[in-house]
file work_24.cif (mmCIF, C-alpha atoms)
data_my_file
loop_
_atom_site.group_PDB
_atom_site.id
_atom_site.type_symbol
_atom_site.label_atom_id
_atom_site.label_comp_id
_atom_site.auth_asym_id
_atom_site.auth_seq_id
_atom_site.Cartn_x
_atom_site.Cartn_y
_atom_site.Cartn_z
ATOM 1 C CA MET A 1440 6.997 2.779 -3.862
ATOM 2 C CA VAL A 1441 3.631 3.712 -2.323
ATOM 3 C CA THR A 1442 1.692 1.107 -0.325
ATOM 4 C CA PRO A 1443 -0.114 -1.200 -2.769
ATOM 5 C CA ILE A 1444 -3.884 -1.019 -3.041
ATOM 6 C CA TYR A 1445 -6.454 -3.604 -4.077
ATOM 7 C CA LEU A 1446 -9.091 -3.006 -6.735
ATOM 8 C CA ILE A 1447 -11.721 -5.128 -8.450
ATOM 9 C CA LYS A 1448 -12.275 -4.809 -12.192
ATOM 10 C CA PRO A 1449 -15.991 -5.508 -12.636
ATOM 11 C CA SER A 1450 -17.327 -7.520 -15.534
ATOM 12 C CA THR A 1451 -20.928 -8.029 -16.580
ATOM 13 C CA PHE A 1452 -20.598 -11.308 -18.461
ATOM 14 C CA THR A 1453 -17.471 -12.921 -16.972
ATOM 15 C CA LEU A 1454 -15.934 -13.134 -13.503
ATOM 16 C CA ASP A 1455 -14.572 -9.968 -11.940
ATOM 17 C CA LYS A 1456 -10.801 -9.632 -11.600
ATOM 18 C CA TYR A 1457 -9.128 -8.867 -8.274
ATOM 19 C CA TYR A 1458 -5.951 -6.766 -8.627
ATOM 20 C CA LYS A 1459 -3.128 -5.693 -6.382
ATOM 21 C CA VAL A 1460 -1.988 -2.309 -7.669
ATOM 22 C CA TYR A 1461 1.550 -1.053 -7.153
ATOM 23 C CA ALA A 1462 2.428 2.605 -7.655
ATOM 24 C CA THR A 1463 5.958 3.118 -8.988
ATOM 25 C CA GLU A 1464 7.763 6.326 -9.892
ATOM 26 C CA THR A 1465 6.395 6.304 -13.442
ATOM 27 C CA SER A 1466 3.366 3.997 -13.496
ATOM 28 C CA TYR A 1467 0.721 1.917 -11.806
ATOM 29 C CA ILE A 1468 1.232 -1.843 -12.152
ATOM 30 C CA PHE A 1469 -1.918 -4.001 -11.972
ATOM 31 C CA ILE A 1470 -1.291 -7.638 -10.983
ATOM 32 C CA LYS A 1471 -4.258 -10.010 -11.059
ATOM 33 C CA LEU A 1472 -4.492 -12.070 -7.887
ATOM 34 C CA GLY A 1473 -7.757 -13.804 -8.566
ATOM 35 C CA GLY A 1474 -11.379 -13.626 -9.535
ATOM 36 C CA GLN A 1475 -14.558 -12.319 -8.097
ATOM 37 C CA PHE A 1476 -14.544 -14.342 -4.889
ATOM 38 C CA TYR A 1477 -10.874 -13.867 -4.107
ATOM 39 C CA GLU A 1478 -11.331 -11.188 -1.491
ATOM 40 C CA GLU A 1479 -11.903 -12.300 2.094
ATOM 41 C CA ASN A 1480 -15.591 -12.999 2.754
ATOM 42 C CA ALA A 1481 -16.692 -11.822 -0.720
ATOM 43 C CA VAL A 1482 -18.785 -14.935 -1.284
ATOM 44 C CA GLU A 1483 -20.580 -14.624 2.030
ATOM 45 C CA LYS A 1484 -21.357 -10.946 1.509
ATOM 46 C CA GLN A 1485 -22.564 -11.160 -2.093
ATOM 47 C CA TYR A 1486 -24.215 -14.559 -2.262
ATOM 48 C CA LEU A 1487 -25.339 -15.851 1.110
ATOM 49 C CA LEU A 1488 -26.285 -19.395 -0.007
ATOM 50 C CA LEU A 1489 -23.080 -19.878 -2.002
ATOM 51 C CA GLY A 1490 -21.189 -18.424 0.921
ATOM 52 C CA LEU A 1491 -22.483 -21.044 3.286
ATOM 53 C CA ILE A 1492 -21.577 -23.839 0.891
ATOM 54 C CA PHE A 1493 -18.111 -22.625 -0.070
ATOM 55 C CA SER A 1494 -16.923 -20.812 3.062
ATOM 56 C CA PHE A 1495 -15.205 -23.857 4.516
ATOM 57 C CA PHE A 1496 -13.427 -24.602 1.219
ATOM 58 C CA ARG A 1497 -12.359 -20.996 0.725
ATOM 59 C CA LYS A 1498 -11.069 -20.463 4.226
ATOM 60 C CA LYS A 1499 -9.009 -23.631 4.358
ATOM 61 C CA ILE A 1500 -7.542 -23.733 0.873
ATOM 62 C CA LEU A 1501 -7.713 -20.304 -0.756
ATOM 63 C CA ALA A 1502 -6.404 -18.331 2.227
ATOM 64 C CA ASN A 1503 -3.043 -20.140 2.112
ATOM 65 C CA LYS A 1504 -2.908 -19.926 -1.681
ATOM 66 C CA ARG A 1505 -3.482 -16.158 -1.558
ATOM 67 C CA PHE A 1506 -0.728 -15.663 1.027
ATOM 68 C CA VAL A 1507 1.798 -17.610 -1.064
ATOM 69 C CA LEU A 1508 0.773 -15.854 -4.297
ATOM 70 C CA GLU A 1509 0.984 -12.371 -2.793
ATOM 71 C CA ASN A 1510 4.456 -13.026 -1.376
ATOM 72 C CA LYS A 1511 5.584 -14.260 -4.802
ATOM 73 C CA VAL A 1512 4.098 -11.190 -6.506
ATOM 74 C CA ASP A 1513 5.666 -8.796 -3.981
ATOM 75 C CA LYS A 1514 9.099 -10.312 -4.610
ATOM 76 C CA GLY A 1515 8.522 -10.233 -8.372
ATOM 77 C CA ILE A 1516 7.661 -6.529 -8.274
ATOM 78 C CA GLU A 1517 10.888 -5.783 -6.419
ATOM 79 C CA LEU A 1518 13.145 -7.933 -8.603
ATOM 80 C CA ASN A 1519 11.655 -7.869 -12.105
ATOM 81 C CA PRO A 1520 8.221 -6.305 -12.676
ATOM 82 C CA ASP A 1521 8.443 -6.984 -16.430
ATOM 83 C CA SER A 1522 8.255 -10.732 -15.805
ATOM 84 C CA LEU A 1523 4.901 -10.236 -14.039
ATOM 85 C CA LEU A 1524 3.650 -7.943 -16.797
ATOM 86 C CA ALA A 1525 4.244 -10.689 -19.349
ATOM 87 C CA LYS A 1526 1.448 -12.726 -17.767
ATOM 88 C CA ARG A 1527 -2.106 -12.508 -19.047
ATOM 89 C CA ASN A 1528 -4.413 -9.996 -17.287
ATOM 90 C CA ASN A 1529 -1.497 -8.078 -15.739
ATOM 91 C CA PHE A 1530 -0.832 -4.595 -17.109
ATOM 92 C CA LYS A 1531 0.612 -1.217 -16.313
ATOM 93 C CA VAL A 1532 -0.607 2.309 -16.844
ATOM 94 C CA ASP A 1533 2.069 4.966 -17.235
ATOM 95 C CA LEU A 1534 1.409 8.168 -15.300
ATOM 96 C CA ASP A 1535 1.992 10.148 -18.517
ATOM 97 C CA ASN A 1536 -0.932 8.301 -20.138
ATOM 98 C CA ILE A 1537 -3.436 9.175 -17.394
ATOM 99 C CA LYS A 1538 -5.717 12.050 -18.306
ATOM 100 C CA ALA A 1539 -7.996 11.933 -15.245
ATOM 101 C CA VAL A 1540 -8.761 9.854 -12.164
ATOM 102 C CA GLU A 1541 -12.086 10.067 -10.349
ATOM 103 C CA VAL A 1542 -12.786 8.288 -7.072
ATOM 104 C CA SER A 1543 -16.320 7.893 -5.755
ATOM 105 C CA GLU A 1544 -16.925 6.749 -2.197
ATOM 106 C CA LYS A 1545 -20.489 5.662 -3.003
ATOM 107 C CA SER A 1546 -21.106 1.904 -2.998
ATOM 108 C CA THR A 1547 -21.972 0.262 -6.312
ATOM 109 C CA PHE A 1548 -24.852 -1.894 -7.475
ATOM 110 C CA HIS A 1549 -22.382 -4.399 -8.985
ATOM 111 C CA THR A 1550 -21.395 -5.714 -5.549
ATOM 112 C CA ALA A 1551 -24.846 -5.246 -4.006
ATOM 113 C CA TRP A 1552 -23.480 -2.186 -2.183
ATOM 114 C CA ASN A 1553 -20.770 -4.216 -0.419
ATOM 115 C CA ASP A 1554 -17.823 -2.047 -1.408
ATOM 116 C CA ASN A 1555 -16.157 1.251 -0.545
ATOM 117 C CA GLY A 1556 -16.727 2.987 -3.876
ATOM 118 C CA SER A 1557 -15.297 3.060 -7.354
ATOM 119 C CA VAL A 1558 -12.380 4.403 -9.383
ATOM 120 C CA LYS A 1559 -12.550 5.659 -12.960
ATOM 121 C CA ILE A 1560 -9.238 6.152 -14.790
ATOM 122 C CA THR A 1561 -9.450 7.998 -18.103
ATOM 123 C CA LEU A 1562 -6.432 7.562 -20.363
ATOM 124 C CA ARG A 1563 -5.174 10.090 -22.911
ATOM 125 C CA ASN A 1564 -6.269 7.810 -25.779
ATOM 126 C CA GLY A 1565 -9.879 7.985 -24.517
ATOM 127 C CA LYS A 1566 -9.992 4.504 -22.972
ATOM 128 C CA VAL A 1567 -11.697 4.353 -19.567
ATOM 129 C CA LEU A 1568 -10.738 1.821 -16.882
ATOM 130 C CA LYS A 1569 -13.315 1.243 -14.155
ATOM 131 C CA PHE A 1570 -12.629 -0.434 -10.839
ATOM 132 C CA ILE A 1571 -14.425 -1.091 -7.568
ATOM 133 C CA ILE A 1572 -12.801 -0.507 -4.193
ATOM 134 C CA PRO A 1573 -13.251 -3.707 -2.131
ATOM 135 C CA LEU A 1574 -14.915 -3.455 1.270
ATOM 136 C CA SER A 1575 -11.632 -4.454 2.944
ATOM 137 C CA VAL A 1576 -9.805 -1.464 1.410
ATOM 138 C CA SER A 1577 -10.198 2.064 2.710
ATOM 139 C CA ALA A 1578 -11.322 4.597 0.098
ATOM 140 C CA LYS A 1579 -8.921 7.053 1.757
ATOM 141 C CA LEU A 1580 -5.986 4.715 1.031
ATOM 142 C CA VAL A 1581 -6.979 4.625 -2.652
ATOM 143 C CA ILE A 1582 -7.403 8.405 -2.773
ATOM 144 C CA ASP A 1583 -4.014 8.898 -1.089
ATOM 145 C CA SER A 1584 -2.360 6.615 -3.653
ATOM 146 C CA PHE A 1585 -3.629 8.657 -6.595
ATOM 147 C CA GLU A 1586 -3.013 11.986 -4.826
ATOM 148 C CA SER A 1587 0.596 10.999 -4.116
ATOM 149 C CA LYS A 1588 1.185 10.672 -7.871
ATOM 150 C CA LYS A 1589 -0.732 13.906 -8.567
ATOM 151 C CA VAL A 1590 -3.199 12.252 -10.959
ATOM 152 C CA LEU A 1591 -6.392 12.483 -8.875
ATOM 153 C CA ASN A 1592 -8.842 14.949 -10.429
ATOM 154 C CA LYS A 1593 -12.049 14.479 -8.497
ATOM 155 C CA THR A 1594 -13.423 12.779 -5.394
ATOM 156 C CA VAL A 1595 -17.163 12.170 -5.001
ATOM 157 C CA ASN A 1596 -18.597 11.437 -1.556
#
call {"tool": "encode", "arguments": {"input": "work_24.cif", "output": "structure tokens"}}
result
Amino acid sequence: MVTPIYLIKPSTFTLDKYYKVYATETSYIFIKLGGQFYEENAVEKQYLLLGLIFSFFRKKILANKRFVLENKVDKGIELNPDSLLAKRNNFKVDLDNIKAVEVSEKSTFHTAWNDNGSVKITLRNGKVLKFIIPLSVSAKLVIDSFESKKVLNKTVN
């Protein structure tokens, strides 16, 4: 299994979703870890006033919760990934169903340019999945993940 990556699924009218993405031999498994402010310092970077108000709460409570959740998810992926896929917002994309993957290293307006780019996955049925690469994740790590599975079509700098 390739090193997991983190991606944010942006949403215009609801909260974003923060995913840990595992690459297996035959698929990518997307496990939702949290919402829009789940990533370290996301509140402070995107919304300064909210960041000041909630930073104490987030650092004391959410940091421990994230650590426990990620350990549980990592063990679940090793033992029985299907049990994690049964939960709402978790899904997998089979490599056979991927038509194209494009990675852009340009920051996006959605996060007020506080990210490392975006990923666009086009499936064979025409559906397009769009994700943002969090600031804490290297775009190179994301590119390497898709290149290792030979599904990366294009990289935009």
call {"tool": "resolve_selection", "arguments": {"input": "work_24.cif", "expression": "the PyMOL selection byres ((chain A and resi 1459) around 6)", "output": "list of chain:residue names"}}
result
A:Ile1444, A:Tyr1445, A:Tyr1458, A:Val1460, A:Phe1469, A:Ile1470
call {"tool": "closest_residue", "arguments": {"input": "work_24.cif", "among": "A:Lys1526, A:Lys1588, A:Arg1563, A:Lys1456", "to": "Lys1538 (chain A)", "atoms": "all atoms listed in the file"}}
result
A:Arg1563
call {"tool": "residues_around", "arguments": {"input": "work_24.cif", "residues": "region 1534-1536 of chain A", "least_positions_apart": "2", "cutoff": "8 Å", "atoms": "only C-alpha atoms", "output": "PyMOL selection string"}}
result
chain A and resi 1465-1467+1532+1538+1562-1564+1588+1590
call {"tool": "residues_around", "arguments": {"input": "work_24.cif", "residues": "Lys1448 (chain A)", "least_positions_apart": "3", "cutoff": "9 Å", "atoms": "only C-alpha atoms", "output": "mmCIF file with C-alpha atoms, in the coordinates of the input"}}
result
data_model
loop_
_atom_site.group_PDB
_atom_site.id
_atom_site.type_symbol
_atom_site.label_atom_id
_atom_site.label_comp_id
_atom_site.auth_asym_id
_atom_site.auth_seq_id
_atom_site.Cartn_x
_atom_site.Cartn_y
_atom_site.Cartn_z
ATOM 1 C CA ASP A 1455 -14.572 -9.968 -11.940
ATOM 2 C CA LYS A 1456 -10.801 -9.632 -11.600
ATOM 3 C CA TYR A 1457 -9.128 -8.867 -8.274
ATOM 4 C CA TYR A 1458 -5.951 -6.766 -8.627
ATOM 5 C CA GLN A 1475 -14.558 -12.319 -8.097
ATOM 6 C CA LEU A 1568 -10.738 1.821 -16.882
ATOM 7 C CA LYS A 1569 -13.315 1.243 -14.155
ATOM 8 C CA PHE A 1570 -12.629 -0.434 -10.839
ATOM 9 C CA ILE A 1571 -14.425 -1.091 -7.568
#
call {"tool": "axis_aligned_box", "arguments": {"input": "work_24.cif", "around": "region 1442-1450 of chain A", "padding_each_side": "6 Å", "output": "lines of an AutoDock Vina configuration file"}}
result
center_x = -7.8
center_y = -3.2
center_z = -7.9
size_x = 31.0
size_y = 20.6
size_z = 27.2
